[in-house]
$ cat query-v5.txt   # compact mmCIF, C-alpha atoms
# COMPACT_ATOMS: atom_id res chain seq x y z
CA MET A 1 0.00 0.00 0.00
CA GLY A 2 1.27 3.45 -0.82
CA ARG A 3 2.16 5.83 1.92
CA GLY A 4 0.40 7.61 1.81
CA GLY A 5 -32.24 30.07 -20.10
CA GLY A 6 -35.39 31.96 -24.59
CA VAL A 7 -37.61 29.39 -23.29
CA ASP A 8 -35.73 26.48 -21.92
CA HIS A 9 -36.88 23.88 -19.48
CA SER A 10 -33.49 23.18 -18.01
CA ARG A 11 -29.96 24.40 -17.76
CA GLY A 12 -28.35 22.56 -20.61
CA GLY A 13 -24.88 22.01 -19.19
CA ARG A 14 -26.05 21.17 -15.71
CA ARG A 15 -28.77 18.83 -16.96
CA ALA A 16 -26.27 17.12 -19.22
CA VAL A 17 -24.10 16.42 -16.19
CA LEU A 18 -27.06 15.02 -14.28
CA PHE A 19 -28.11 12.92 -17.29
CA ASP A 20 -24.62 11.51 -17.50
CA GLN A 21 -24.63 10.80 -13.79
CA ASN A 22 -27.98 9.04 -13.98
CA ILE A 23 -26.81 6.82 -16.83
CA ARG A 24 -23.60 6.00 -15.00
CA GLU A 25 -25.53 5.23 -11.84
CA GLU A 26 -27.82 2.80 -13.69
CA VAL A 27 -24.80 1.07 -15.17
CA SER A 28 -22.94 0.95 -11.88
CA MET A 29 -25.92 -0.38 -9.96
CA ALA A 30 -25.96 -3.37 -12.33
CA ALA A 31 -22.31 -4.05 -11.54
CA PRO A 32 -21.17 -6.18 -8.61
CA ALA A 33 -20.62 -4.49 -5.26
CA VAL A 34 -16.96 -3.88 -4.53
CA ILE A 35 -17.44 -2.32 -1.10
CA GLU A 36 -20.16 -3.61 1.22
CA LEU A 37 -20.80 -2.33 4.73
CA ASP A 38 -23.51 -4.08 6.72
CA ASN A 39 -24.83 -2.59 9.96
CA LEU A 40 -21.33 -1.37 10.78
CA CYS A 41 -20.66 0.12 14.22
CA LYS A 42 -17.57 1.44 15.95
CA THR A 43 -17.55 2.66 19.53
CA TYR A 44 -14.83 4.20 21.65
CA GLY A 45 -15.95 3.94 25.25
CA ASP A 46 -19.35 5.62 25.42
CA HIS A 47 -18.91 7.35 22.06
CA ARG A 48 -20.25 5.73 18.90
CA ALA A 49 -18.15 7.00 16.00
CA VAL A 50 -19.96 4.92 13.36
CA ASP A 51 -23.60 4.03 13.98
CA HIS A 52 -25.18 1.08 12.13
CA LEU A 53 -23.82 2.01 8.72
CA SER A 54 -24.98 0.00 5.70
CA LEU A 55 -23.69 0.92 2.26
CA SER A 56 -22.93 -0.74 -1.07
CA ILE A 57 -20.57 0.72 -3.69
CA GLN A 58 -20.31 -0.80 -7.16
CA LYS A 59 -17.41 -1.37 -9.52
CA ARG A 60 -16.34 1.74 -11.49
CA GLU A 61 -18.39 4.00 -9.21
CA ILE A 62 -17.06 7.24 -7.75
CA PHE A 63 -18.73 7.57 -4.38
CA GLY A 64 -18.38 10.63 -2.16
CA LEU A 65 -18.44 10.42 1.62
CA LEU A 66 -19.62 13.88 2.57
CA GLY A 67 -19.91 15.34 6.03
CA PRO A 68 -18.41 17.72 8.58
CA ASN A 69 -15.29 16.95 10.57
CA GLY A 70 -16.14 14.33 13.15
CA ALA A 71 -18.91 12.76 11.08
CA GLY A 72 -17.29 9.32 11.10
CA LYS A 73 -15.77 9.33 7.62
CA THR A 74 -12.19 8.59 8.61
CA THR A 75 -13.18 5.89 11.08
CA THR A 76 -15.20 4.21 8.34
CA ILE A 77 -12.20 4.30 6.00
CA LEU A 78 -9.93 2.82 8.66
CA MET A 79 -12.32 -0.11 9.09
CA MET A 80 -12.38 -0.68 5.33
CA LEU A 81 -8.59 -0.84 5.34
CA GLY A 82 -8.42 -3.22 8.30
CA LEU A 83 -6.62 -0.62 10.41
CA THR A 84 -9.27 -0.69 13.13
CA GLU A 85 -11.79 -3.38 13.94
CA PRO A 86 -15.56 -2.80 13.90
CA THR A 87 -17.35 -3.13 17.22
CA SER A 88 -20.13 -4.91 15.35
CA GLY A 89 -21.35 -5.39 11.80
CA SER A 90 -19.27 -6.38 8.82
CA VAL A 91 -17.11 -4.97 6.03
CA ARG A 92 -16.29 -6.55 2.69
CA VAL A 93 -13.87 -4.99 0.23
CA CYS A 94 -13.48 -6.88 -3.04
CA GLY A 95 -15.21 -9.73 -1.24
CA ILE A 96 -12.56 -9.79 1.49
CA ASP A 97 -13.00 -9.25 5.22
CA PRO A 98 -10.39 -6.62 6.24
CA VAL A 99 -10.41 -7.88 9.82
CA ARG A 100 -9.44 -11.42 8.90
CA ASN A 101 -7.34 -10.67 5.82
CA PRO A 102 -5.94 -7.12 6.11
CA ILE A 103 -2.90 -7.89 3.96
CA GLU A 104 -5.05 -9.18 1.10
CA VAL A 105 -7.22 -6.05 1.27
CA LYS A 106 -4.11 -3.87 1.15
CA ARG A 107 -3.07 -5.60 -2.07
CA LYS A 108 -6.32 -4.57 -3.73
CA VAL A 109 -6.86 -1.13 -2.20
CA GLY A 110 -4.83 2.03 -2.60
CA TYR A 111 -5.21 4.70 0.08
CA LEU A 112 -4.29 8.37 -0.36
CA PRO A 113 -4.51 10.36 2.89
CA ASP A 114 -5.15 14.09 3.03
CA ASP A 115 -1.43 14.89 3.24
CA VAL A 116 0.58 12.08 1.74
CA GLY A 117 4.10 11.70 3.05
CA PHE A 118 7.14 11.02 0.88
CA TYR A 119 10.85 10.83 1.53
CA HIS A 120 11.86 14.42 0.78
CA HIS A 121 15.48 13.54 -0.02
CA MET A 122 14.35 11.10 -2.71
CA THR A 123 13.08 12.02 -6.17
CA GLY A 124 9.52 11.43 -7.24
CA LEU A 125 10.68 8.47 -9.33
CA GLU A 126 12.69 7.02 -6.46
CA ASN A 127 9.69 7.23 -4.15
CA LEU A 128 7.57 5.27 -6.63
CA LEU A 129 10.27 2.64 -7.05
CA TYR A 130 10.52 2.31 -3.28
CA THR A 131 6.78 1.67 -3.06
CA ALA A 132 7.12 -0.90 -5.84
CA ALA A 133 9.85 -2.70 -3.90
CA LEU A 134 7.66 -2.79 -0.79
CA ASN A 135 4.93 -4.42 -2.89
CA GLY A 136 7.28 -6.99 -4.40
CA ILE A 137 7.17 -5.61 -7.93
CA PRO A 138 10.24 -6.60 -10.00
CA ARG A 139 12.60 -3.70 -10.79
CA ALA A 140 12.16 -3.68 -14.58
CA GLU A 141 8.38 -3.83 -14.29
CA ALA A 142 8.46 -1.18 -11.57
CA GLU A 143 10.46 1.29 -13.66
CA LYS A 144 8.15 0.84 -16.65
CA ARG A 145 5.07 1.25 -14.46
CA ALA A 146 6.52 4.29 -12.65
CA TRP A 147 7.25 6.19 -15.86
CA GLU A 148 3.78 5.35 -17.22
CA LEU A 149 2.17 6.72 -14.08
CA LEU A 150 4.37 9.81 -13.93
CA GLU A 151 3.22 10.61 -17.46
CA LYS A 152 -0.40 9.92 -16.51
CA VAL A 153 -0.26 12.38 -13.58
CA ASN A 154 1.76 14.92 -15.60
CA LEU A 155 4.92 14.71 -13.51
CA THR A 156 7.40 13.39 -16.07
CA ASP A 157 9.42 16.62 -16.04
CA ALA A 158 9.61 16.54 -12.24
CA ALA A 159 10.41 12.84 -11.97
CA ARG A 160 14.05 13.39 -11.00
CA LYS A 161 13.41 16.33 -8.68
CA LYS A 162 13.44 15.84 -4.92
CA ALA A 163 9.95 15.23 -3.56
CA GLY A 164 10.67 17.86 -0.90
CA THR A 165 10.55 20.53 -3.62
CA TYR A 166 7.08 19.51 -4.83
CA SER A 167 4.03 21.74 -4.30
CA ARG A 168 1.08 20.23 -2.44
CA GLY A 169 -0.74 19.66 -5.74
CA MET A 170 2.31 17.86 -7.15
CA ARG A 171 2.56 15.73 -4.01
CA GLN A 172 -1.09 14.72 -4.33
CA ARG A 173 -0.56 13.73 -7.97
CA LEU A 174 2.54 11.80 -7.01
CA GLY A 175 0.47 10.21 -4.26
CA LEU A 176 -2.09 9.11 -6.82
CA ALA A 177 0.67 7.56 -8.90
CA ASP A 178 2.00 5.92 -5.74
CA VAL A 179 -1.28 4.16 -4.89
CA LEU A 180 -1.63 3.04 -8.52
CA MET A 181 1.75 1.32 -8.63
CA LYS A 182 0.25 -1.98 -7.45
CA ARG A 183 -2.74 -1.76 -9.86
CA PRO A 184 -5.47 -1.59 -7.18
CA GLU A 185 -9.12 -2.38 -7.78
CA VAL A 186 -10.21 0.31 -5.32
CA ILE A 187 -8.69 3.63 -4.31
CA ILE A 188 -9.73 5.54 -1.22
CA LEU A 189 -9.00 9.27 -1.18
CA ASP A 190 -9.25 11.27 2.05
CA GLU A 191 -9.69 15.02 1.33
CA PRO A 192 -7.59 14.80 -1.86
CA THR A 193 -8.15 18.42 -2.99
CA LEU A 194 -7.47 20.09 0.35
CA GLY A 195 -5.01 22.98 0.02
CA ILE A 196 -4.53 22.63 -3.74
CA ASP A 197 -4.82 25.60 -6.13
CA PRO A 198 -7.75 25.63 -8.62
CA GLU A 199 -5.70 24.41 -11.58
CA GLY A 200 -4.27 21.60 -9.49
CA VAL A 201 -7.77 20.62 -8.39
CA ARG A 202 -9.01 20.45 -11.98
CA GLU A 203 -6.09 18.24 -12.97
CA LEU A 204 -6.54 15.92 -10.00
CA LEU A 205 -10.29 15.55 -10.55
CA ARG A 206 -9.68 14.78 -14.23
CA LEU A 207 -7.26 12.05 -13.27
CA ILE A 208 -9.68 10.52 -10.76
CA ARG A 209 -12.54 10.59 -13.27
CA ASN A 210 -10.43 8.82 -15.88
CA LEU A 211 -9.44 6.10 -13.44
CA SER A 212 -13.11 5.21 -13.02
CA ARG A 213 -14.27 5.60 -16.61
CA HIS A 214 -11.31 4.16 -18.48
CA GLU A 215 -9.62 1.80 -16.05
CA GLY A 216 -12.60 0.43 -14.12
CA ILE A 217 -11.28 1.46 -10.71
CA THR A 218 -13.77 2.02 -7.92
CA VAL A 219 -13.16 5.32 -6.11
CA LEU A 220 -14.25 6.23 -2.60
CA LEU A 221 -13.68 9.93 -1.96
CA SER A 222 -14.03 11.48 1.49
CA SER A 223 -14.38 15.26 1.45
CA HIS A 224 -16.20 18.34 2.67
CA GLN A 225 -15.33 20.28 -0.50
CA LEU A 226 -18.89 20.34 -1.86
CA HIS A 227 -18.16 21.75 -5.30
CA HIS A 228 -15.47 19.17 -5.98
CA VAL A 229 -17.69 16.30 -4.86
CA GLN A 230 -20.54 17.52 -7.07
CA GLN A 231 -18.21 17.71 -10.07
CA ILE A 232 -16.97 14.17 -9.93
CA CYS A 233 -19.09 11.78 -7.86
CA ASP A 234 -21.78 9.47 -9.24
CA ARG A 235 -23.38 9.22 -5.81
CA VAL A 236 -22.78 10.81 -2.45
CA GLY A 237 -23.54 9.75 1.09
CA LEU A 238 -24.29 12.40 3.70
CA PHE A 239 -22.75 11.57 7.06
CA VAL A 240 -23.29 13.12 10.47
CA GLY A 241 -22.76 11.74 13.94
CA GLY A 242 -21.58 8.44 12.53
CA ARG A 243 -24.82 7.86 10.63
CA LEU A 244 -25.57 7.83 6.92
CA LEU A 245 -28.51 10.24 6.64
CA ALA A 246 -29.05 9.86 2.90
CA GLU A 247 -27.34 8.64 -0.24
CA GLY A 248 -27.91 8.95 -3.98
CA ASN A 249 -27.05 11.21 -6.89
CA ILE A 250 -27.57 14.96 -6.54
CA GLU A 251 -30.99 15.06 -8.19
CA ARG A 252 -32.31 12.17 -6.14
CA LEU A 253 -31.04 13.65 -2.89
CA ALA A 254 -32.77 16.95 -3.68
CA GLN A 255 -36.04 15.12 -4.29
CA GLN A 256 -35.70 13.23 -1.01
CA LEU A 257 -34.78 16.28 1.01
CA PHE A 258 -36.93 19.07 -0.33
CA LEU A 259 -39.96 16.79 -0.72
CA GLN A 260 -42.82 19.22 -1.41
CA ASP A 261 -40.53 21.69 -3.16
CA ALA A 262 -38.22 19.37 -5.05
CA TYR A 263 -38.44 21.58 -8.17
CA VAL A 264 -38.44 25.34 -8.63
CA ILE A 265 -39.60 26.64 -12.03
CA HIS A 266 -38.68 30.25 -12.78
CA VAL A 267 -41.18 32.04 -15.05
CA VAL A 268 -40.89 35.36 -16.86
CA ALA A 269 -44.11 36.28 -18.69
CA SER A 270 -46.53 39.16 -19.23
CA PRO A 271 -49.02 39.82 -17.91
CA LEU A 272 -48.56 37.99 -14.63
CA ASP A 273 -51.87 38.66 -12.91
CA ALA A 274 -53.90 37.12 -10.10
CA SER A 275 -56.00 35.08 -12.50
CA LEU A 276 -52.94 33.43 -14.07
CA ARG A 277 -51.41 32.85 -10.68
CA SER A 278 -54.53 30.99 -9.51
CA LYS A 279 -54.45 28.80 -12.62
CA ILE A 280 -50.81 27.89 -12.07
CA GLU A 281 -51.42 27.17 -8.39
CA ALA A 282 -54.19 24.78 -9.48
CA ILE A 283 -51.80 22.63 -11.52
CA PRO A 284 -51.38 19.24 -9.78
CA GLY A 285 -48.05 19.12 -7.98
CA VAL A 286 -47.67 22.90 -7.58
CA ASN A 287 -47.31 23.96 -3.95
CA LYS A 288 -46.83 27.71 -4.13
CA VAL A 289 -45.99 30.63 -6.40
CA GLU A 290 -43.66 33.37 -5.18
CA GLN A 291 -42.94 36.78 -6.71
CA THR A 292 -39.37 37.46 -7.80
CA GLU A 293 -37.69 40.56 -9.17
CA ASN A 294 -38.60 39.75 -12.77
CA GLY A 295 -41.25 37.03 -12.57
CA TRP A 296 -42.42 34.09 -10.47
CA ASP A 297 -40.81 31.09 -8.85
CA VAL A 298 -43.14 28.09 -8.91
CA TYR A 299 -42.40 25.50 -6.22
CA CYS A 300 -43.62 22.02 -7.08
CA GLN A 301 -43.27 18.34 -6.22
CA THR A 302 -42.60 17.25 -9.81
CA ASP A 303 -41.31 18.94 -12.94
CA VAL A 304 -44.48 20.58 -14.33
CA SER A 305 -42.70 22.93 -16.74
CA ALA A 306 -44.80 21.80 -19.71
CA ALA A 307 -48.07 22.33 -17.81
CA ILE A 308 -46.96 25.80 -16.69
CA SER A 309 -46.03 26.77 -20.26
CA GLN A 310 -49.37 25.54 -21.59
CA THR A 311 -51.32 27.35 -18.86
CA ILE A 312 -49.55 30.66 -19.55
CA ILE A 313 -50.11 30.45 -23.31
CA GLU A 314 -53.76 29.39 -22.98
CA ALA A 315 -54.33 32.35 -20.63
CA GLY A 316 -53.18 34.72 -23.40
CA SER A 317 -49.96 35.82 -21.69
CA SER A 318 -46.61 36.04 -23.45
CA LEU A 319 -43.99 33.64 -22.12
CA PHE A 320 -40.48 35.05 -22.31
CA HIS A 321 -38.51 32.64 -20.18
CA LEU A 322 -39.05 29.42 -18.27
CA SER A 323 -36.30 27.44 -16.61
CA ARG A 324 -35.91 24.88 -13.90
CA ARG A 325 -33.53 25.58 -11.07
CA ASP A 326 -31.71 22.54 -9.78
CA PHE A 327 -30.65 22.33 -6.17
CA GLY A 328 -26.90 22.11 -5.83
CA LEU A 329 -25.02 19.99 -3.36
CA ASP A 330 -24.30 23.02 -1.18
CA GLU A 331 -28.04 23.63 -0.69
CA ILE A 332 -28.66 19.95 -0.03
CA TYR A 333 -25.80 19.75 2.43
CA HIS A 334 -26.76 22.83 4.42
CA ARG A 335 -30.43 21.84 4.54
CA TYR A 336 -29.52 18.44 5.94
CA PHE A 337 -27.26 19.86 8.61
CA GLU A 338 -29.39 22.86 9.66
CA GLY A 339 -29.95 22.68 13.38
CA ARG A 340 -28.00 19.46 13.79
CA ASP A 341 -25.24 18.97 16.30
CA VAL A 342 -22.32 17.95 14.15
CA ARG A 343 -19.58 18.54 16.67
CA GLU A 344 -18.89 14.91 17.26
CA GLY A 345 -15.49 13.32 17.36
CA GLU A 346 -14.35 10.54 15.12

$ encode --input "query-v5.txt" --output "structure tokens"
Amino acid sequence: MGRGGGVDHSRGGRRAVLFDQNIREEVSMAAPAVIELDNLCKTYGDHRAVDHLSLSIQKREIFGLLGPNGAGKTTTILMMLGLTEPTSGSVRVCGIDPVRNPIEVKRKVGYLPDDVGFYHHMTGLENLLYTAALNGIPRAEAEKRAWELLEKVNLTDAARKKAGTYSRGMRQRLGLADVLMKRPEVIILDEPTLGIDPEGVRELLRLIRNLSRHEGITVLLSSHQLHHVQQICDRVGLFVGGRLLAEGNIERLAQQLFLQDAYVIHVVASPLDASLRSKIEAIPGVNKVEQTENGWDVYCQTDVSAAISQTIIEAGSSLFHLSRRDFGLDEIYHRYFEGRDVREGE
């Protein structure tokens, strides 16, 4: 293991991302589970760090563990790696019990902590070759693999520079190469984008995405960087107090959380009078209509954009703009954690 919107009914780019995520989720859910947690608990004295956690993650999936510090994310990861034993419940990673066979799990799982450590006096290449030696990889194969990975993470030019001179973003990319040396089936990343500049983040997320899509690697990503999680993850799990409050893709989570107001349709039309408002409020699934600076926001349980458009036109009003606002992960996250005590230790 390494050491470490004209009339439009949606926002095109955003909807395309969600469409892609939905397709990928359907594919992944048909794939075998690579990580399975069943009623998992971990207690330290009177404190329960992980509370009856059940979760299944499929092959090729990028799953985000999302929650505040102390939510239980790190403890969960440690149990997956066989570095701490569950108090009760079970863990299976690639079909293996980490408690009984921790070495076998380590052969199949690569772990990148939030601040990966390297030998500063050694070059990036030398660090990778050292990891290869620890994993019993023959020298010739190790050198070939190391150079392939250095190219993949865009560190070829820095391969012979001391790791101590690397920026944090470079260290994280080297860390990714490091965990890939042994060709793992699963990689676990703990706050991988923390402290990295925007360009470094984009590059790292691209690399992670490609590992899933092109190499079939399952990725478990623990983070509280909401924007980064939303960009890359197929599904996310919301953790607090050691419990998994909800899991799914972004659209599904919004529907679960906001319930009566899962969709908000923004309307710009003229005239917008009381009669039209009453007709829109009478559409099945519409909960309320609120005035905005330039139109109305229609809150509804389902996407009734077509019915709203038809109602406006049949009423004789001119429709200038209609778009659906999607809830982002930041809104979902903050709604879930409003009023909750999240100051719990891991």

$ closest_residue --input "query-v5.txt" --among "A:Val153, A:Ala246, A:Cys94, A:Val99" --to "Lys59 of chain A" --atoms "all atoms listed in the file"
A:Cys94

$ closest_residue --input "query-v5.txt" --among "A:Thr218, A:Asn127, A:Ser317, A:Thr311" --to "Gly175 of chain A" --atoms "all atoms listed in the file"
A:Asn127

$ closest_residue --input "query-v5.txt" --among "A:Ile208, A:Leu66, A:Ala132, A:Ile188" --to "Ile35 of chain A" --atoms "all atoms listed in the file"
A:Ile188

$ atom_distance --input "query-v5.txt" --atom1 "atom CA of Gly242 of chain A" --atom2 "atom CA of His227 of chain A"
22.5 Å

$ closest_residue --input "query-v5.txt" --among "A:Arg48, A:Ser90, A:Met181, A:Lys144" --to "Val109 of chain A" --atoms "only C-alpha atoms"
A:Met181

$ closest_residue --input "query-v5.txt" --among "A:Thr74, A:Gln58, A:Pro86, A:Arg92" --to "Glu36 of chain A" --atoms "all atoms listed in the file"
A:Arg92

$ closest_residue --input "query-v5.txt" --among "A:Thr76, A:Ser222, A:Ser88, A:Thr292" --to "Leu112 of chain A" --atoms "only C-alpha atoms"
A:Ser222

$ residues_around --input "query-v5.txt" --residues "Gly124 of chain A" --least-positions-apart "5" --cutoff "9 Å" --atoms "all atoms listed in the file" --output "PyMOL selection string"
chain A and resi 118-119+129+150+155+158-163+166+171+174

$ atom_distance --input "query-v5.txt" --atom1 "atom CA of Ile283 of chain A" --atom2 "atom CA of Cys300 of chain A"
9.3 Å

$ atom_distance --input "query-v5.txt" --atom1 "atom CA of Lys279 of chain A" --atom2 "atom CA of Trp296 of chain A"
13.3 Å
